[in-house]
Amino acid sequence: MKKILICNQKMYLTKDEAMNLSYGYDEIDFSNVELIVCPNYLNFEYFEDYKLGAQNCFYEDKGSYTGEVSPYDLHLRGIKYAILGHSERRMYDTNEIINLKVKACVRNSIIPIICVGESKIEKELLKTSSVLKKQITTALSGVDLTDDYPVLIAYEPVYKIGSSSPLSKEEIEDTFKYIKKILDDMKIPNYKLLYGGSVKGENVKHILSDEIDGYLVGASCINASELNTIIKCIK
Ligand code: 13P
């Protein structure tokens, strides 16, 4: 099974920068990974040759919702994935809102990439398990999934995003065991587990594991040579 590699370009790139990065992507051999590129909405056009994901979407399909982006319209434009509940958005989106968004994605044949993860304080207070359980069970509550409809869960400990190093492989594997149990208890038929948080060319070799289905990459994906190093290590 190829590893999944999701490039979350966040709000890093202007139009010209995105166009330049797309030339860099064109030089990379992505054949050993399942690549999903998540540019900001305005930059989709530069990455049309790749499987595309949105960085967010709204939970209604149409209507008077100024500034929101419709999952129905994303679907019509060929967008196959959407990142939901990223920690950089959780100040706007509660677990309940994320649940509505997951339902909206599934209704519109968009595969949700649900981000979960504890903050540093929550970790110190030994609340990691309860935080993850609440985030996952609420996000997937009442969602009608089938064997052929995968859901991607991206475990991103908040304090590891944009930091100097990722979580250790052992810690990721331990947490994945717990996440798997939650998903199995919920009878979620088809899921993949990804890790995100400071995945870089220099460290990805330390977090390769059969238990990790893929990686959600932020800063490293806006530098084509850094991304290429990651791809070569995953091979
Ligand atoms: P970094 O790879 O920059 O730490 O970001 C991770 C992330 O937030 C991906 O969604």
# chains A, B, ... in the order shown; residues from 1 in each chain; ligands from 1
$ closest_atom_pairs --of "chain A" --to "ligand 1" --cutoff "7 Å" --atoms "only C-alpha atoms and all ligand atoms" --output "CSV"
residue,atom,partner,partner_atom_place_in_ligand_line,distance
A:Asn8,CA,ligand 1,10 (O),5.3
A:His86,CA,ligand 1,10 (O),6.6
A:Glu156,CA,ligand 1,8 (O),6.9
A:Lys160,CA,ligand 1,4 (O),6.3
A:Ile161,CA,ligand 1,4 (O),3.6
A:Gly162,CA,ligand 1,4 (O),3.6
A:Ser163,CA,ligand 1,4 (O),6.1
A:Gly196,CA,ligand 1,6 (C),5.1
A:Gly197,CA,ligand 1,4 (O),3.9
A:Ser198,CA,ligand 1,4 (O),3.5
A:Val199,CA,ligand 1,2 (O),5.2
A:Leu216,CA,ligand 1,9 (C),5.0
A:Val217,CA,ligand 1,2 (O),4.3
A:Gly218,CA,ligand 1,2 (O),3.4
A:Ala219,CA,ligand 1,3 (O),3.8
A:Ser220,CA,ligand 1,2 (O),6.0
$ select_by_dssp --residues "stretch 15-90 of chain A" --states "alpha helix (DSSP H)" --output "MDAnalysis selection string"
chainID A and resid 15:26 71:76
$ write_last_selection --atoms "N, CA, C and O atoms" --output "PDB file, in the first residue's frame"
ATOM      1  N   LYS A  15      -0.485  34.049  -5.490  1.00  0.00           N
ATOM      2  CA  LYS A  15      -0.706  33.501  -6.838  1.00  0.00           C
ATOM      3  C   LYS A  15       0.621  33.126  -7.523  1.00  0.00           C
ATOM      4  O   LYS A  15       0.796  31.995  -7.971  1.00  0.00           O
ATOM      5  N   ASP A  16       1.548  34.082  -7.559  1.00  0.00           N
ATOM      6  CA  ASP A  16       2.810  33.825  -8.262  1.00  0.00           C
ATOM      7  C   ASP A  16       3.624  32.744  -7.556  1.00  0.00           C
ATOM      8  O   ASP A  16       4.267  31.907  -8.201  1.00  0.00           O
ATOM      9  N   GLU A  17       3.612  32.772  -6.246  1.00  0.00           N
ATOM     10  CA  GLU A  17       4.365  31.755  -5.500  1.00  0.00           C
ATOM     11  C   GLU A  17       3.780  30.365  -5.734  1.00  0.00           C
ATOM     12  O   GLU A  17       4.514  29.386  -5.872  1.00  0.00           O
ATOM     13  N   ALA A  18       2.441  30.293  -5.795  1.00  0.00           N
ATOM     14  CA  ALA A  18       1.802  28.991  -6.052  1.00  0.00           C
ATOM     15  C   ALA A  18       2.158  28.492  -7.453  1.00  0.00           C
ATOM     16  O   ALA A  18       2.451  27.307  -7.656  1.00  0.00           O
ATOM     17  N   MET A  19       2.148  29.410  -8.396  1.00  0.00           N
ATOM     18  CA  MET A  19       2.476  29.018  -9.772  1.00  0.00           C
ATOM     19  C   MET A  19       3.917  28.490  -9.829  1.00  0.00           C
ATOM     20  O   MET A  19       4.189  27.437 -10.400  1.00  0.00           O
ATOM     21  N   ASN A  20       4.836  29.191  -9.176  1.00  0.00           N
ATOM     22  CA  ASN A  20       6.233  28.737  -9.157  1.00  0.00           C
ATOM     23  C   ASN A  20       6.366  27.382  -8.480  1.00  0.00           C
ATOM     24  O   ASN A  20       7.092  26.512  -8.950  1.00  0.00           O
ATOM     25  N   LEU A  21       5.653  27.208  -7.382  1.00  0.00           N
ATOM     26  CA  LEU A  21       5.734  25.923  -6.676  1.00  0.00           C
ATOM     27  C   LEU A  21       5.203  24.800  -7.567  1.00  0.00           C
ATOM     28  O   LEU A  21       5.743  23.691  -7.564  1.00  0.00           O
ATOM     29  N   SER A  22       4.175  25.093  -8.344  1.00  0.00           N
ATOM     30  CA  SER A  22       3.612  24.043  -9.207  1.00  0.00           C
ATOM     31  C   SER A  22       4.657  23.566 -10.223  1.00  0.00           C
ATOM     32  O   SER A  22       4.718  22.382 -10.557  1.00  0.00           O
ATOM     33  N   TYR A  23       5.542  24.478 -10.670  1.00  0.00           N
ATOM     34  CA  TYR A  23       6.626  24.047 -11.575  1.00  0.00           C
ATOM     35  C   TYR A  23       7.573  23.103 -10.831  1.00  0.00           C
ATOM     36  O   TYR A  23       8.069  22.127 -11.396  1.00  0.00           O
ATOM     37  N   GLY A  24       7.816  23.410  -9.564  1.00  0.00           N
ATOM     38  CA  GLY A  24       8.659  22.527  -8.748  1.00  0.00           C
ATOM     39  C   GLY A  24       8.014  21.153  -8.578  1.00  0.00           C
ATOM     40  O   GLY A  24       8.674  20.124  -8.680  1.00  0.00           O
ATOM     41  N   TYR A  25       6.697  21.137  -8.311  1.00  0.00           N
ATOM     42  CA  TYR A  25       5.987  19.861  -8.175  1.00  0.00           C
ATOM     43  C   TYR A  25       6.101  19.040  -9.470  1.00  0.00           C
ATOM     44  O   TYR A  25       6.215  17.817  -9.431  1.00  0.00           O
ATOM     45  N   ASP A  26       6.032  19.740 -10.604  1.00  0.00           N
ATOM     46  CA  ASP A  26       6.082  19.035 -11.902  1.00  0.00           C
ATOM     47  C   ASP A  26       7.366  18.216 -12.049  1.00  0.00           C
ATOM     48  O   ASP A  26       7.404  17.238 -12.790  1.00  0.00           O
ATOM     49  N   PRO A  71     -19.544  22.795  -0.075  1.00  0.00           N
ATOM     50  CA  PRO A  71     -19.027  21.466  -0.384  1.00  0.00           C
ATOM     51  C   PRO A  71     -19.620  20.920  -1.691  1.00  0.00           C
ATOM     52  O   PRO A  71     -18.963  20.179  -2.414  1.00  0.00           O
ATOM     53  N   TYR A  72     -20.853  21.346  -1.979  1.00  0.00           N
ATOM     54  CA  TYR A  72     -21.509  20.919  -3.222  1.00  0.00           C
ATOM     55  C   TYR A  72     -20.742  21.481  -4.426  1.00  0.00           C
ATOM     56  O   TYR A  72     -20.446  20.777  -5.393  1.00  0.00           O
ATOM     57  N   ASP A  73     -20.377  22.758  -4.328  1.00  0.00           N
ATOM     58  CA  ASP A  73     -19.628  23.390  -5.424  1.00  0.00           C
ATOM     59  C   ASP A  73     -18.223  22.786  -5.533  1.00  0.00           C
ATOM     60  O   ASP A  73     -17.721  22.553  -6.636  1.00  0.00           O
ATOM     61  N   LEU A  74     -17.610  22.507  -4.389  1.00  0.00           N
ATOM     62  CA  LEU A  74     -16.277  21.863  -4.436  1.00  0.00           C
ATOM     63  C   LEU A  74     -16.372  20.546  -5.199  1.00  0.00           C
ATOM     64  O   LEU A  74     -15.535  20.234  -6.054  1.00  0.00           O
ATOM     65  N   HIS A  75     -17.417  19.783  -4.879  1.00  0.00           N
ATOM     66  CA  HIS A  75     -17.616  18.501  -5.560  1.00  0.00           C
ATOM     67  C   HIS A  75     -17.771  18.714  -7.067  1.00  0.00           C
ATOM     68  O   HIS A  75     -17.147  18.003  -7.877  1.00  0.00           O
ATOM     69  N   LEU A  76     -18.586  19.692  -7.446  1.00  0.00           N
ATOM     70  CA  LEU A  76     -18.808  19.933  -8.881  1.00  0.00           C
ATOM     71  C   LEU A  76     -17.508  20.335  -9.580  1.00  0.00           C
ATOM     72  O   LEU A  76     -17.328  20.094 -10.766  1.00  0.00           O
TER      73      LEU A  76
END
$ residues_around --residues "stretch 41-56 of chain A" --least-positions-apart "4" --cutoff "6 Å" --atoms "only C-alpha atoms" --output "ChimeraX atom specification"
/A:19,36-37,79-84
$ closest_residue --among "A:Pro150, A:Pro166, A:Gly117, A:Gly142" --to "A:Ile179" --atoms "only C-alpha atoms"
A:Gly117
$ residues_around --residues "A:Asn99" --least-positions-apart "3" --cutoff "10 Å" --atoms "only C-alpha atoms" --output "list of chain:residue names"
A:Tyr59, A:Leu84, A:Gly85, A:Asp93, A:Thr94, A:Asn95, A:Glu96, A:Val102, A:Lys103, A:Ala104, A:Cys105, A:Ile114, A:Gln135, A:Ile136, A:Thr137, A:Thr138, A:Ala139, A:Leu140, A:Ser141, A:Gly142, A:Val143
$ closest_residue --among "A:Leu227, A:Ile97, A:Leu132, A:Leu194" --to "A:Val116" --atoms "only C-alpha atoms"
A:Leu132
$ select_by_dssp --residues "stretch 25-156 of chain A" --states "strand (DSSP E)" --output "list in words"
Val33, Glu34, Leu35, Ile36, Val37, Cys38, Lys51, Leu52, Gly53, Ala54, Tyr81, Ala82, Ile83, Leu84, Ile111, Pro112, Ile113, Ile114, Cys115, Val116, Val151, Leu152, Ile153, Ala154 and Tyr155 of chain A
$ write_last_selection --atoms "C-alpha atoms" --output "PDB file, in the first residue's frame"
ATOM      1  CA  VAL A  33       2.842   7.994  -2.851  1.00  0.00           C
ATOM      2  CA  GLU A  34      -0.861   8.731  -2.941  1.00  0.00           C
ATOM      3  CA  LEU A  35      -0.596  12.511  -3.238  1.00  0.00           C
ATOM      4  CA  ILE A  36      -3.344  14.946  -2.256  1.00  0.00           C
ATOM      5  CA  VAL A  37      -2.618  18.645  -2.699  1.00  0.00           C
ATOM      6  CA  CYS A  38      -4.562  21.168  -0.606  1.00  0.00           C
ATOM      7  CA  LYS A  51      -5.802  15.056  -6.635  1.00  0.00           C
ATOM      8  CA  LEU A  52      -7.087  18.157  -4.887  1.00  0.00           C
ATOM      9  CA  GLY A  53      -8.345  18.779  -1.386  1.00  0.00           C
ATOM     10  CA  ALA A  54      -9.870  21.867   0.197  1.00  0.00           C
ATOM     11  CA  TYR A  81     -11.044  15.750  -0.275  1.00  0.00           C
ATOM     12  CA  ALA A  82     -11.483  18.363   2.446  1.00  0.00           C
ATOM     13  CA  ILE A  83      -9.434  18.969   5.578  1.00  0.00           C
ATOM     14  CA  LEU A  84     -11.799  19.497   8.508  1.00  0.00           C
ATOM     15  CA  ILE A 111     -13.615  12.376   1.505  1.00  0.00           C
ATOM     16  CA  PRO A 112     -13.082  14.104   4.863  1.00  0.00           C
ATOM     17  CA  ILE A 113      -9.601  14.462   6.311  1.00  0.00           C
ATOM     18  CA  ILE A 114     -10.463  14.958   9.975  1.00  0.00           C
ATOM     19  CA  CYS A 115      -7.697  16.540  12.037  1.00  0.00           C
ATOM     20  CA  VAL A 116      -7.512  15.674  15.714  1.00  0.00           C
ATOM     21  CA  VAL A 151     -12.373   8.565   6.099  1.00  0.00           C
ATOM     22  CA  LEU A 152      -8.900   9.918   6.840  1.00  0.00           C
ATOM     23  CA  ILE A 153      -7.989  10.759  10.417  1.00  0.00           C
ATOM     24  CA  ALA A 154      -4.948  12.999  10.759  1.00  0.00           C
ATOM     25  CA  TYR A 155      -3.428  12.988  14.230  1.00  0.00           C
TER      26      TYR A 155
END
$ residues_around --residues "A:Lys180" --least-positions-apart "2" --cutoff "12 Å" --atoms "only C-alpha atoms" --output "CSV table (one decimal) with N, CA and C atoms, in the first residue's frame"
chain,number,residue,atom,x,y,z
A,132,LEU,N,-9.1,13.2,22.3
A,132,LEU,CA,-9.1,12.5,21.0
A,132,LEU,C,-10.5,11.8,20.9
A,133,LYS,N,-10.9,11.2,22.0
A,133,LYS,CA,-12.2,10.5,22.0
A,133,LYS,C,-13.3,11.4,21.6
A,136,ILE,N,-13.1,12.7,17.9
A,136,ILE,CA,-13.4,11.6,16.9
A,136,ILE,C,-14.9,11.2,17.0
A,137,THR,N,-15.3,10.9,18.2
A,137,THR,CA,-16.7,10.4,18.3
A,137,THR,C,-17.7,11.5,17.8
A,152,LEU,N,-10.3,9.8,6.4
A,152,LEU,CA,-8.9,9.9,6.8
A,152,LEU,C,-8.9,10.7,8.2
A,153,ILE,N,-8.2,10.1,9.1
A,153,ILE,CA,-8.0,10.8,10.4
A,153,ILE,C,-6.5,11.2,10.5
A,155,TYR,N,-3.8,12.7,12.9
A,155,TYR,CA,-3.4,13.0,14.2
A,155,TYR,C,-2.3,14.0,14.2
A,172,ILE,N,3.6,8.0,18.3
A,172,ILE,CA,2.5,8.0,17.3
A,172,ILE,C,1.9,6.7,17.2
A,173,GLU,N,2.6,5.6,17.3
A,173,GLU,CA,2.0,4.2,17.2
A,173,GLU,C,1.1,4.0,18.4
A,174,ASP,N,1.6,4.4,19.6
A,174,ASP,CA,0.7,4.2,20.8
A,174,ASP,C,-0.6,4.9,20.6
A,175,THR,N,-0.5,6.2,20.2
A,175,THR,CA,-1.8,7.0,20.0
A,175,THR,C,-2.6,6.4,18.9
A,176,PHE,N,-2.0,5.9,17.9
A,176,PHE,CA,-2.8,5.3,16.8
A,176,PHE,C,-3.6,4.0,17.3
A,177,LYS,N,-3.0,3.3,18.2
A,177,LYS,CA,-3.7,2.1,18.8
A,177,LYS,C,-5.0,2.6,19.4
A,178,TYR,N,-4.8,3.7,20.1
A,178,TYR,CA,-6.0,4.2,20.8
A,178,TYR,C,-7.1,4.7,19.8
A,182,ILE,N,-11.0,3.5,19.1
A,182,ILE,CA,-12.2,4.4,19.1
A,182,ILE,C,-13.0,4.1,17.8
A,183,LEU,N,-12.2,4.1,16.6
A,183,LEU,CA,-12.9,3.9,15.3
A,183,LEU,C,-13.5,2.5,15.2
A,184,ASP,N,-12.8,1.5,15.7
A,184,ASP,CA,-13.4,0.2,15.6
A,184,ASP,C,-14.7,0.0,16.5
A,185,ASP,N,-14.6,0.6,17.7
A,185,ASP,CA,-15.8,0.6,18.6
A,185,ASP,C,-17.0,1.3,17.9
A,186,MET,N,-16.7,2.3,17.1
A,186,MET,CA,-17.7,3.1,16.4
A,186,MET,C,-18.2,2.3,15.1
A,187,LYS,N,-17.5,1.2,14.8
A,187,LYS,CA,-17.7,0.4,13.6
A,187,LYS,C,-17.6,1.3,12.3
A,188,ILE,N,-16.6,2.1,12.3
A,188,ILE,CA,-16.2,2.9,11.1
A,188,ILE,C,-15.6,1.9,10.2
A,189,PRO,N,-16.2,1.7,9.0
A,189,PRO,CA,-15.8,0.5,8.2
A,189,PRO,C,-14.4,0.7,7.4
A,190,ASN,N,-14.1,1.9,7.1
A,190,ASN,CA,-12.9,2.1,6.3
A,190,ASN,C,-12.2,3.4,6.7
A,191,TYR,N,-11.0,3.3,7.3
A,191,TYR,CA,-10.3,4.5,7.7
A,191,TYR,C,-8.8,4.4,7.5
A,192,LYS,N,-8.2,5.5,7.4
A,192,LYS,CA,-6.7,5.5,7.3
A,192,LYS,C,-6.2,6.5,8.3
A,193,LEU,N,-5.1,6.2,8.9
A,193,LEU,CA,-4.5,7.1,10.0
A,193,LEU,C,-3.2,7.8,9.5
A,194,LEU,N,-3.3,9.1,9.6
A,194,LEU,CA,-2.1,9.9,9.2
A,194,LEU,C,-1.5,10.6,10.4
A,211,GLU,N,2.3,1.1,10.7
A,211,GLU,CA,1.1,1.5,11.4
A,211,GLU,C,0.6,2.9,10.9
A,212,ILE,N,1.5,3.6,10.2
A,212,ILE,CA,1.2,5.0,9.8
A,212,ILE,C,0.8,4.9,8.3
$ closest_residue --among "A:Val131, A:Leu100, A:Val106, A:Val204" --to "A:Asp144" --atoms "only C-alpha atoms"
A:Val106
$ atom_distance --atom1 "atom CA of A:Asn108" --atom2 "atom CA of A:Glu68"
15.9 Å
$ closest_residue --among "A:Ile222, A:Leu13, A:Met91, A:Ile4" --to "A:Asn32" --atoms "only C-alpha atoms"
A:Ile4
$ closest_residue --among "A:Ile98, A:Leu145, A:Val158, A:Ile28" --to "A:Lys123" --atoms "only C-alpha atoms"
A:Val158
